[in-house]
Amino acid sequence: MAREVIERYFAAFNAGDTEAMLACLSPDVEHHVNEGQIRVGKVKFGEFLAHMDHCYSEQLTDMVVFVNDEGTRGAAEFIVNGTYKATDSGLPEARGQTYRLPAGSFFSLKDGHITRVVTYYNLADWIRQVS
């Protein structure tokens, strides 16, 4: 079941279906951002997704999903293929630059829902690509 939830989460991401992504999450999901504070809850996660949709257009490819035997932990490795659409606070000016960035996410799961999302990527590499 853990693999299916993670795969459904990423399929919703690639489809731009925020509601389907949020449906994969527990109400008190913890979102650990690559650079920033931990956000708690679906509302905060939804706000993050809206911000990301405003600034970036991304598709994930080369997805490999891993899960533990108990179905309580998972991870995914993938490539982020994106376009920088609108300038994000504290980052270089957006001019429609494209980027290709390796990334990974880690998950905790309980009762068929994601309770923790942690995503890592190389911010310095992204800045180099869009500068």
# chains A, B, ... in the order shown; residues from 1 in each chain; ligands from 1
call {"tool": "residues_around", "arguments": {"residues": "stretch 2-8 of chain A", "least_positions_apart": "3", "cutoff": "9 Å", "atoms": "only C-alpha atoms", "output": "list in words"}}
result
Ala11, Ala12, Phe13, Ala20, Met21, Cys24, Val65, Phe66, Val67, Asn68, Glu70, Gly71, Thr72, Arg73, Gly74, Ala75, Ala76, Phe107, Leu109, Lys110, Gly112, His113 and Ile114 of chain A
call {"tool": "residues_around", "arguments": {"residues": "A:Ser89", "least_positions_apart": "4", "cutoff": "12 Å", "atoms": "only C-alpha atoms", "output": "number ranges by chain"}}
result
A: 51-52, 55, 93-94
call {"tool": "select_by_dssp", "arguments": {"residues": "stretch 1-112 of chain A", "states": "strand (DSSP E or B)", "output": "PyMOL selection string"}}
result
chain A and resi 25-32+38-40+56-67+73-84+98-110
call {"tool": "write_last_selection", "arguments": {"atoms": "N, CA and C atoms", "output": "compact mmCIF listing (two decimals), in the first residue's frame"}}
result
# COMPACT_ATOMS: atom_id res chain seq x y z
N LEU A 25 -2.29 12.76 1.86
CA LEU A 25 -1.64 13.21 3.09
C LEU A 25 -2.54 13.06 4.31
N SER A 26 -1.92 12.82 5.46
CA SER A 26 -2.66 12.84 6.72
C SER A 26 -2.96 14.30 7.07
N PRO A 27 -3.99 14.57 7.85
CA PRO A 27 -4.33 15.95 8.20
C PRO A 27 -3.19 16.71 8.87
N ASP A 28 -2.35 16.00 9.64
CA ASP A 28 -1.26 16.65 10.36
C ASP A 28 0.11 16.38 9.73
N VAL A 29 0.13 16.22 8.41
CA VAL A 29 1.37 15.94 7.68
C VAL A 29 2.45 16.96 8.05
N GLU A 30 3.67 16.46 8.18
CA GLU A 30 4.83 17.34 8.39
C GLU A 30 5.58 17.45 7.07
N HIS A 31 5.76 18.69 6.61
CA HIS A 31 6.46 18.94 5.35
C HIS A 31 7.81 19.58 5.67
N HIS A 32 8.86 18.81 5.49
CA HIS A 32 10.22 19.28 5.73
C HIS A 32 10.77 19.79 4.41
N ILE A 38 9.75 23.66 8.92
CA ILE A 38 8.80 22.56 8.80
C ILE A 38 7.40 23.15 8.79
N ARG A 39 6.59 22.73 7.82
CA ARG A 39 5.19 23.13 7.75
C ARG A 39 4.35 21.96 8.24
N VAL A 40 3.36 22.23 9.06
CA VAL A 40 2.52 21.16 9.59
C VAL A 40 1.08 21.36 9.12
N TYR A 56 6.77 28.01 -10.53
CA TYR A 56 7.45 26.94 -11.26
C TYR A 56 6.45 26.06 -12.00
N SER A 57 6.90 25.52 -13.11
CA SER A 57 6.17 24.46 -13.81
C SER A 57 7.12 23.27 -13.85
N GLU A 58 6.74 22.16 -13.22
CA GLU A 58 7.66 21.03 -13.11
C GLU A 58 7.00 19.70 -13.45
N GLN A 59 7.79 18.83 -14.05
CA GLN A 59 7.42 17.45 -14.28
C GLN A 59 8.55 16.59 -13.75
N LEU A 60 8.18 15.49 -13.09
CA LEU A 60 9.16 14.58 -12.53
C LEU A 60 9.29 13.36 -13.42
N THR A 61 10.54 13.00 -13.72
CA THR A 61 10.80 11.83 -14.57
C THR A 61 11.83 10.93 -13.90
N ASP A 62 12.06 9.78 -14.50
CA ASP A 62 13.06 8.83 -14.03
C ASP A 62 12.82 8.45 -12.57
N MET A 63 11.54 8.29 -12.23
CA MET A 63 11.10 8.02 -10.86
C MET A 63 11.41 6.58 -10.44
N VAL A 64 12.04 6.44 -9.29
CA VAL A 64 12.25 5.14 -8.66
C VAL A 64 11.74 5.27 -7.23
N VAL A 65 10.81 4.39 -6.83
CA VAL A 65 10.20 4.43 -5.50
C VAL A 65 10.69 3.23 -4.70
N PHE A 66 11.02 3.48 -3.44
CA PHE A 66 11.47 2.45 -2.51
C PHE A 66 10.55 2.48 -1.30
N VAL A 67 10.24 1.32 -0.73
CA VAL A 67 9.46 1.26 0.52
C VAL A 67 10.04 0.18 1.42
N ARG A 73 7.66 3.53 5.80
CA ARG A 73 8.66 4.47 5.29
C ARG A 73 8.82 4.25 3.80
N GLY A 74 9.14 5.33 3.09
CA GLY A 74 9.37 5.23 1.67
C GLY A 74 10.30 6.33 1.20
N ALA A 75 10.77 6.18 -0.01
CA ALA A 75 11.64 7.18 -0.62
C ALA A 75 11.46 7.13 -2.13
N ALA A 76 11.82 8.21 -2.78
CA ALA A 76 11.78 8.26 -4.24
C ALA A 76 12.95 9.09 -4.72
N GLU A 77 13.52 8.65 -5.82
CA GLU A 77 14.58 9.39 -6.50
C GLU A 77 14.05 9.74 -7.87
N PHE A 78 14.32 10.96 -8.34
CA PHE A 78 13.74 11.40 -9.61
C PHE A 78 14.50 12.60 -10.15
N ILE A 79 14.13 12.99 -11.36
CA ILE A 79 14.67 14.20 -11.99
C ILE A 79 13.54 15.21 -12.08
N VAL A 80 13.81 16.43 -11.64
CA VAL A 80 12.86 17.54 -11.77
C VAL A 80 13.19 18.28 -13.06
N ASN A 81 12.23 18.31 -13.98
CA ASN A 81 12.36 19.03 -15.24
C ASN A 81 11.44 20.23 -15.14
N GLY A 82 12.02 21.44 -15.07
CA GLY A 82 11.18 22.57 -14.75
C GLY A 82 11.42 23.81 -15.57
N THR A 83 10.47 24.74 -15.41
CA THR A 83 10.56 26.09 -15.95
C THR A 83 10.30 27.05 -14.80
N TYR A 84 11.15 28.04 -14.69
CA TYR A 84 11.06 29.05 -13.64
C TYR A 84 10.20 30.19 -14.19
N THR A 98 14.78 27.19 -17.98
CA THR A 98 14.50 25.77 -17.73
C THR A 98 15.64 25.18 -16.91
N TYR A 99 15.32 24.10 -16.23
CA TYR A 99 16.32 23.41 -15.41
C TYR A 99 16.00 21.93 -15.36
N ARG A 100 17.03 21.17 -15.04
CA ARG A 100 16.92 19.71 -14.88
C ARG A 100 17.74 19.38 -13.64
N LEU A 101 17.07 18.85 -12.61
CA LEU A 101 17.70 18.75 -11.30
C LEU A 101 17.40 17.41 -10.64
N PRO A 102 18.42 16.65 -10.27
CA PRO A 102 18.17 15.43 -9.51
C PRO A 102 17.61 15.79 -8.13
N ALA A 103 16.69 14.98 -7.63
CA ALA A 103 16.09 15.24 -6.32
C ALA A 103 15.66 13.93 -5.70
N GLY A 104 15.32 14.00 -4.42
CA GLY A 104 14.82 12.84 -3.71
C GLY A 104 13.84 13.26 -2.64
N SER A 105 12.90 12.39 -2.36
CA SER A 105 11.92 12.62 -1.30
C SER A 105 11.89 11.42 -0.38
N PHE A 106 11.62 11.69 0.90
CA PHE A 106 11.49 10.65 1.91
C PHE A 106 10.13 10.81 2.57
N PHE A 107 9.52 9.68 2.92
CA PHE A 107 8.16 9.68 3.43
C PHE A 107 8.03 8.80 4.66
N SER A 108 7.16 9.22 5.57
CA SER A 108 6.64 8.35 6.62
C SER A 108 5.16 8.17 6.28
N LEU A 109 4.63 6.97 6.56
CA LEU A 109 3.24 6.66 6.25
C LEU A 109 2.57 5.96 7.41
N LYS A 110 1.27 6.22 7.55
CA LYS A 110 0.47 5.56 8.58
C LYS A 110 -0.97 5.50 8.10
call {"tool": "select_by_dssp", "arguments": {"residues": "chain A", "states": "alpha helix (DSSP H)", "output": "PyMOL selection string"}}
result
chain A and resi 2-15+18-23+42-55+123-130
call {"tool": "atom_distance", "arguments": {"atom1": "atom CA of A:Leu123", "atom2": "atom CA of A:Ala50"}}
result
20.1 Å
